[in-house]
$ cat upload.txt   # compact mmCIF, C-alpha atoms and all ligand atoms
# COMPACT_ATOMS: atom_id res chain seq x y z
CA MET Z 1 34.49 -26.66 -23.59
CA ILE Z 2 33.32 -23.63 -21.73
CA SER Z 3 36.42 -21.80 -22.91
CA ASN Z 4 35.37 -22.53 -26.49
CA VAL Z 5 32.05 -20.87 -25.82
CA ASN Z 6 33.80 -17.94 -24.23
CA ASP Z 7 35.97 -17.52 -27.33
CA TRP Z 8 33.00 -17.86 -29.68
CA LEU Z 9 31.04 -15.28 -27.74
CA ASN Z 10 33.98 -12.89 -27.73
CA ASP Z 11 34.70 -13.30 -31.43
CA HIS Z 12 31.22 -13.79 -32.88
CA GLY Z 13 28.70 -13.03 -30.11
CA ASP Z 14 27.84 -9.54 -31.32
CA TYR Z 15 27.57 -10.67 -34.92
CA LEU Z 16 25.30 -13.60 -34.04
CA TYR Z 17 23.17 -11.43 -31.78
CA ARG Z 18 22.66 -8.80 -34.52
CA PHE Z 19 21.91 -11.55 -37.03
CA ALA Z 20 19.24 -12.97 -34.71
CA LEU Z 21 17.80 -9.62 -33.65
CA ALA Z 22 17.46 -8.57 -37.29
CA ARG Z 23 15.22 -11.55 -37.93
CA LEU Z 24 13.42 -12.03 -34.60
CA ARG Z 25 12.95 -8.35 -33.63
CA ASP Z 26 13.02 -9.17 -29.94
CA PRO Z 27 16.13 -8.86 -27.71
CA HIS Z 28 15.10 -11.72 -25.40
CA LEU Z 29 14.42 -14.10 -28.25
CA ALA Z 30 17.69 -13.08 -29.90
CA GLU Z 31 19.58 -13.86 -26.70
CA ASP Z 32 17.80 -17.22 -26.45
CA ALA Z 33 18.76 -17.98 -30.04
CA VAL Z 34 22.44 -17.25 -29.36
CA GLN Z 35 22.32 -19.37 -26.21
CA GLU Z 36 20.70 -22.32 -28.02
CA THR Z 37 23.31 -21.98 -30.72
CA MET Z 38 26.15 -22.20 -28.19
CA LEU Z 39 24.58 -25.21 -26.48
CA SER Z 40 24.18 -26.94 -29.79
CA ALA Z 41 27.68 -26.02 -30.92
CA ILE Z 42 29.47 -27.55 -27.93
CA LYS Z 43 27.40 -30.70 -28.18
CA SER Z 44 28.11 -31.32 -31.84
CA ASN Z 45 31.49 -32.18 -33.20
CA SER Z 46 30.58 -31.19 -36.70
CA PHE Z 47 32.90 -28.22 -36.92
CA GLU Z 48 35.61 -28.86 -39.46
CA GLY Z 49 38.47 -26.47 -39.83
CA ASN Z 50 37.62 -25.88 -43.48
CA SER Z 51 34.73 -23.51 -42.85
CA SER Z 52 35.04 -20.49 -40.60
CA ALA Z 53 33.66 -20.78 -37.08
CA ARG Z 54 31.38 -17.83 -37.84
CA THR Z 55 29.83 -19.52 -40.87
CA TRP Z 56 29.37 -22.70 -38.90
CA LEU Z 57 27.75 -20.94 -35.93
CA THR Z 58 25.51 -18.87 -38.21
CA GLY Z 59 24.27 -22.07 -39.82
CA ILE Z 60 23.29 -23.45 -36.42
CA LEU Z 61 21.70 -20.13 -35.46
CA LYS Z 62 19.42 -20.16 -38.52
CA HIS Z 63 17.92 -23.48 -37.42
CA LYS Z 64 17.56 -22.32 -33.83
CA MET Z 65 15.69 -19.19 -34.91
CA ILE Z 66 13.16 -21.23 -36.88
CA ASP Z 67 12.70 -23.49 -33.84
CA LEU Z 68 12.05 -20.43 -31.69
CA GLN Z 69 9.53 -18.98 -34.15
CA ARG Z 70 7.71 -22.30 -34.24
CA LYS Z 71 7.63 -22.40 -30.47
CA GLN Z 72 6.28 -18.85 -30.34
CA PHE Z 73 3.64 -19.77 -32.88
CA ARG Z 74 2.47 -22.79 -30.89
CA GLU Z 75 2.68 -21.25 -27.44
CA GLN Z 76 0.40 -18.42 -28.33
CA SER Z 77 -2.38 -20.58 -29.67
CA ILE Z 78 -4.70 -20.26 -26.69
CA SER Z 79 -4.47 -16.54 -25.96
CA ASP Z 80 -4.50 -15.72 -29.66
CA LEU Z 81 -7.73 -17.60 -30.20
CA ILE Z 82 -9.58 -14.85 -28.46
CA ASP Z 83 -8.58 -12.04 -30.77
CA LEU Z 84 -7.53 -14.09 -33.72
CA ASP Z 85 -9.27 -16.88 -35.50
CA ALA Z 86 -6.93 -17.70 -38.33
CA THR Z 87 -9.77 -19.03 -40.42
CA ASP Z 88 -11.81 -15.89 -40.03
CA THR Z 89 -11.53 -14.00 -43.27
CA SER Z 90 -14.18 -11.42 -42.45
CA MET Z 91 -11.70 -8.59 -41.85
CA ASP Z 92 -14.56 -6.50 -40.52
CA ASP Z 93 -12.17 -3.76 -39.47
CA PHE Z 94 -11.14 -3.10 -43.02
CA PHE Z 95 -14.13 -3.75 -45.28
CA ASP Z 96 -17.86 -3.14 -45.22
CA GLN Z 97 -20.35 -5.93 -45.85
CA SER Z 98 -20.21 -5.54 -49.60
CA GLY Z 99 -16.41 -5.81 -49.60
CA HIS Z 100 -15.56 -2.12 -50.04
CA TRP Z 101 -12.67 -0.52 -48.15
CA LEU Z 102 -13.84 1.27 -45.00
CA ASP Z 103 -10.72 3.45 -45.08
CA LYS Z 104 -9.06 3.59 -48.44
CA PRO Z 105 -5.32 2.83 -48.32
CA GLN Z 106 -3.17 5.95 -48.42
CA THR Z 107 0.15 6.55 -50.10
CA PHE Z 108 3.04 6.35 -47.66
CA ASN Z 109 5.42 9.26 -47.70
CA MET Z 110 8.55 7.19 -47.91
CA PRO Z 111 11.54 8.65 -46.08
CA ASP Z 112 13.97 10.57 -48.25
CA ASN Z 113 16.85 11.16 -45.86
CA THR Z 114 18.83 9.21 -43.29
CA LEU Z 115 17.14 10.63 -40.23
CA GLU Z 116 13.64 10.04 -41.60
CA GLN Z 117 14.67 6.57 -42.63
CA LYS Z 118 15.76 5.79 -39.08
CA GLN Z 119 12.46 7.04 -37.70
CA PHE Z 120 10.49 5.14 -40.30
CA LEU Z 121 12.27 1.88 -39.51
CA SER Z 122 11.69 2.34 -35.81
CA VAL Z 123 7.95 2.86 -36.43
CA LEU Z 124 7.96 -0.31 -38.52
CA ASP Z 125 9.78 -2.21 -35.75
CA ASN Z 126 7.10 -1.13 -33.25
CA CYS Z 127 4.34 -2.13 -35.64
CA ILE Z 128 5.83 -5.61 -36.10
CA ASN Z 129 5.96 -6.06 -32.34
CA LYS Z 130 2.34 -4.96 -31.98
CA LEU Z 131 1.12 -7.83 -34.14
CA PRO Z 132 -0.49 -10.75 -32.30
CA LYS Z 133 2.39 -13.17 -31.59
CA LYS Z 134 1.08 -15.84 -33.92
CA LEU Z 135 0.87 -13.43 -36.81
CA LYS Z 136 4.25 -12.01 -35.97
CA SER Z 137 5.94 -15.40 -36.07
CA ILE Z 138 4.42 -16.48 -39.37
CA PHE Z 139 5.10 -13.07 -40.91
CA MET Z 140 8.73 -13.17 -39.76
CA LEU Z 141 9.20 -16.67 -41.14
CA ARG Z 142 7.76 -15.71 -44.51
CA ASP Z 143 8.79 -12.11 -45.16
CA VAL Z 144 11.93 -11.80 -43.02
CA HIS Z 145 13.52 -15.27 -42.98
CA GLU Z 146 12.08 -15.70 -46.50
CA THR Z 147 11.08 -19.29 -45.81
CA ASP Z 148 9.01 -20.71 -48.64
CA ASN Z 149 5.36 -21.45 -48.03
CA GLU Z 150 5.66 -25.20 -48.19
CA ASN Z 151 8.22 -25.18 -45.38
CA ILE Z 152 6.17 -22.74 -43.31
CA CYS Z 153 3.19 -25.08 -43.47
CA LYS Z 154 5.41 -28.00 -42.52
CA GLU Z 155 7.15 -26.16 -39.66
CA LEU Z 156 3.94 -24.71 -38.22
CA ASP Z 157 1.72 -27.65 -39.10
CA ILE Z 158 -0.96 -25.56 -40.81
CA SER Z 159 -2.66 -25.71 -44.20
CA ALA Z 160 -1.56 -23.54 -47.11
CA THR Z 161 -4.89 -21.69 -47.01
CA ASN Z 162 -4.40 -21.00 -43.34
CA ALA Z 163 -0.93 -19.62 -44.01
CA TRP Z 164 -2.22 -17.28 -46.77
CA VAL Z 165 -4.98 -16.00 -44.53
CA MET Z 166 -2.63 -15.31 -41.65
CA LEU Z 167 -0.03 -13.63 -43.84
CA TYR Z 168 -2.77 -11.49 -45.34
CA ARG Z 169 -3.90 -10.44 -41.88
CA ALA Z 170 -0.34 -9.70 -40.77
CA ARG Z 171 0.41 -7.55 -43.84
CA MET Z 172 -2.97 -5.86 -43.58
CA GLY Z 173 -2.31 -4.99 -39.94
CA LEU Z 174 1.21 -3.77 -40.61
CA ARG Z 175 0.27 -1.45 -43.45
CA LYS Z 176 -2.55 -0.04 -41.35
CA CYS Z 177 -0.20 0.48 -38.41
CA LEU Z 178 2.26 2.28 -40.67
CA GLU Z 179 -0.56 4.44 -42.04
CA LEU Z 180 -1.56 5.42 -38.50
CA ASN Z 181 1.92 5.95 -37.09
CA TRP Z 182 4.03 7.13 -39.97
CA THR Z 183 3.00 10.50 -41.26
CA GLY Z 184 6.30 11.32 -42.89
CA ALA Z 185 8.48 14.13 -41.65
CA MET Q 186 -16.26 -8.79 -60.65
CA LEU Q 187 -13.97 -8.93 -57.61
CA THR Q 188 -14.72 -6.89 -54.52
CA CYS Q 189 -11.89 -4.86 -52.98
CA LYS Q 190 -11.73 -7.41 -50.19
CA GLN Q 191 -11.21 -10.26 -52.65
CA ALA Q 192 -8.78 -8.23 -54.73
CA SER Q 193 -6.66 -7.36 -51.68
CA GLN Q 194 -6.55 -11.05 -50.70
CA LEU Q 195 -5.27 -11.93 -54.16
CA VAL Q 196 -2.67 -9.16 -54.01
CA SER Q 197 -1.35 -10.61 -50.77
CA GLN Q 198 -1.51 -14.21 -51.98
CA SER Q 199 0.39 -13.33 -55.14
CA LEU Q 200 3.38 -12.92 -52.83
CA ASP Q 201 2.96 -16.49 -51.59
CA ARG Q 202 1.69 -18.57 -54.51
CA PRO Q 203 1.29 -18.34 -58.27
CA LEU Q 204 -2.21 -17.07 -59.08
CA SER Q 205 -4.32 -18.97 -61.59
CA TRP Q 206 -4.87 -17.49 -65.04
CA SER Q 207 -8.42 -16.47 -64.20
CA GLU Q 208 -7.37 -14.92 -60.89
CA ARG Q 209 -4.68 -12.91 -62.67
CA VAL Q 210 -7.12 -11.63 -65.28
CA GLN Q 211 -9.71 -10.66 -62.68
CA LEU Q 212 -7.14 -8.99 -60.46
CA ARG Q 213 -5.60 -7.06 -63.34
CA PHE Q 214 -9.04 -5.81 -64.34
CA HIS Q 215 -9.86 -4.76 -60.77
CA LEU Q 216 -6.54 -2.96 -60.34
CA PHE Q 217 -7.13 -1.19 -63.64
CA ILE Q 218 -10.26 0.48 -62.31
CA CYS Q 219 -9.59 0.68 -58.54
CA LYS Q 220 -7.22 3.25 -57.13
CA ALA Q 221 -7.57 2.05 -53.52
CA CYS Q 222 -6.46 -1.50 -54.31
CA ASN Q 223 -3.59 -0.14 -56.37
CA ARG Q 224 -2.46 1.79 -53.33
CA PHE Q 225 -2.78 -1.34 -51.23
CA LYS Q 226 -0.56 -3.18 -53.68
CA GLN Q 227 1.93 -0.32 -53.53
CA GLN Q 228 1.84 -0.39 -49.74
CA LEU Q 229 2.68 -4.09 -49.67
CA ASN Q 230 5.62 -3.47 -52.01
CA GLN Q 231 6.84 -0.65 -49.79
CA LEU Q 232 6.41 -2.87 -46.75
CA ARG Q 233 8.54 -5.57 -48.35
CA ILE Q 234 11.33 -3.12 -49.14
CA ALA Q 235 11.16 -1.58 -45.68
CA ILE Q 236 11.39 -5.01 -44.01
CA GLN Q 237 14.60 -5.72 -45.89
CA GLN Q 238 15.98 -2.32 -44.91
CA LEU Q 239 15.11 -2.92 -41.27
CA LYS Q 240 16.85 -6.29 -41.38
CA ASN Q 241 19.99 -4.80 -42.98
CA GLU Q 242 20.04 -1.86 -40.65
CA THR Q 243 20.14 -4.15 -37.59
CA VAL Q 244 22.71 -6.52 -39.08
CA HIS Q 245 25.11 -3.66 -39.85
CA ASN Q 246 24.51 -1.55 -36.78
CA GLN Q 247 27.77 -1.97 -34.87
CA THR Q 248 26.33 -0.24 -31.81
CA ILE Q 249 24.07 -3.26 -31.24
CA GLN Q 250 26.04 -5.77 -29.18
CA LEU Q 251 25.29 -8.86 -27.20
CA PRO Q 252 24.69 -7.37 -23.72
CA THR Q 253 27.37 -8.31 -21.17
CA ASP Q 254 24.82 -9.74 -18.77
CA ALA Q 255 23.41 -11.85 -21.59
CA LYS Q 256 26.88 -13.26 -22.14
CA THR Q 257 27.13 -14.10 -18.44
CA ARG Q 258 23.71 -15.78 -18.53
CA ILE Q 259 24.67 -17.85 -21.55
CA LEU Q 260 27.95 -19.03 -20.00
CA HIS Q 261 26.11 -19.88 -16.81
CA ALA Q 262 23.42 -21.82 -18.68
CA ILE Q 263 26.09 -23.85 -20.42
CA GLU Q 264 27.95 -24.63 -17.21
CA ILE Q 265 24.86 -26.08 -15.58
CA ASP Q 266 23.67 -27.91 -18.68
ZN ZN Z 301 -10.49 -2.32 -55.05
$ encode --input "upload.txt" --output "structure tokens" --more "lines below"
Ligand SMILES: [Zn+2]
Amino acid sequence: MISNVNDWLNDHGDYLYRFALARLRDPHLAEDAVQETMLSAIKSNSFEGNSSARTWLTGILKHKMIDLQRKQFREQSISDLIDLDATDTSMDDFFDQSGHWLDKPQTFNMPDNTLEQKQFLSVLDNCINKLPKKLKSIFMLRDVHETDNENICKELDISATNAWVMLYRARMGLRKCLELNWTGA
Amino acid sequence: MLTCKQASQLVSQSLDRPLSWSERVQLRFHLFICKACNRFKQQLNQLRIAIQQLKNETVHNQTIQLPTDAKTRILHAIEID
């Protein structure tokens, strides 16, 4: 049993880890996701020789990542309440009382070479990780895992309106963070 | 007439749900006259593209590997489970 896991980790561990990191943007969570996948894999006997072990493990991993995002979303509820009321649509930081932009959105200078691209993506990665955890998890589920809205509401146990508001806040925060931290090269 | 705040909410929601006919008309009209909200819409498009690039970059970056100590921790966790 344990030797199976050892083989899986040797053959597919890096691949699974990259797959998870790409969607969770957090090394600890990615490690947890791989671990949960291994635990689940040895407990189930569902692996049939007709699909590759990698495909099978990746399928398990996808479910484990959604579980982890849901857990993140729920765990943060108390601390997030202080700086984030999901039903608060005021967005005072961005608009004045009559609904005009306080700071008009700027055009991003999108990177036009490999080095700039690398820098740009690293700024984006930092911005994602600066989001309040709740917003990060819903944003990742929607825009990175590309889960549809109906399933997000089901997984997170929130209303559709709530989901739209939170996604709006997440995107609003991210674009602002990029504006502040990405000046182009 | 939509405010910029309302228009930006609709721009974001258009990524998550189909807008009603009247919302679409109002939003199109607002975007026709408002440069700032157009830029916001452009920013969200750029953000979407960048997110996909970030995802692909990580998936294909062979220098990212499951850390050795993580592997040890995982094997250990399974042994005691
Ligand atoms: Zn506007």
$ closest_residue --input "upload.txt" --among "Q:Lys240, Q:Arg202, Q:Arg209, Q:His215" --to "ligand ZN 301 (chain Z)" --atoms "all atoms listed in the file"
Q:His215
$ atom_distance --input "upload.txt" --atom1 "atom CA of Z:Gly99" --atom2 "atom CA of Q:Thr188"
5.3 Å
$ closest_residue --input "upload.txt" --among "Z:Ile60, Z:Met65, Z:Leu39, Z:Leu102" --to "ligand ZN 301 (chain Z)" --atoms "all atoms listed in the file"
Z:Leu102
$ interface_residues --input "upload.txt" --of "chain Z" --to "chain Q" --cutoff "8 Å" --atoms "only C-alpha atoms" --output "MDAnalysis selection string"
chainID Z and resid 2 5:6 9 13:15 17:19 21:23 31 35 38:39 95 98:101 104:108 121 124:125 143:144 148:149 164 167:168 171 175
$ closest_residue --input "upload.txt" --among "Z:Val165, Z:Asp103, Z:Lys134, Z:Ser3" --to "ligand ZN 301 (chain Z)" --atoms "all atoms listed in the file"
Z:Asp103
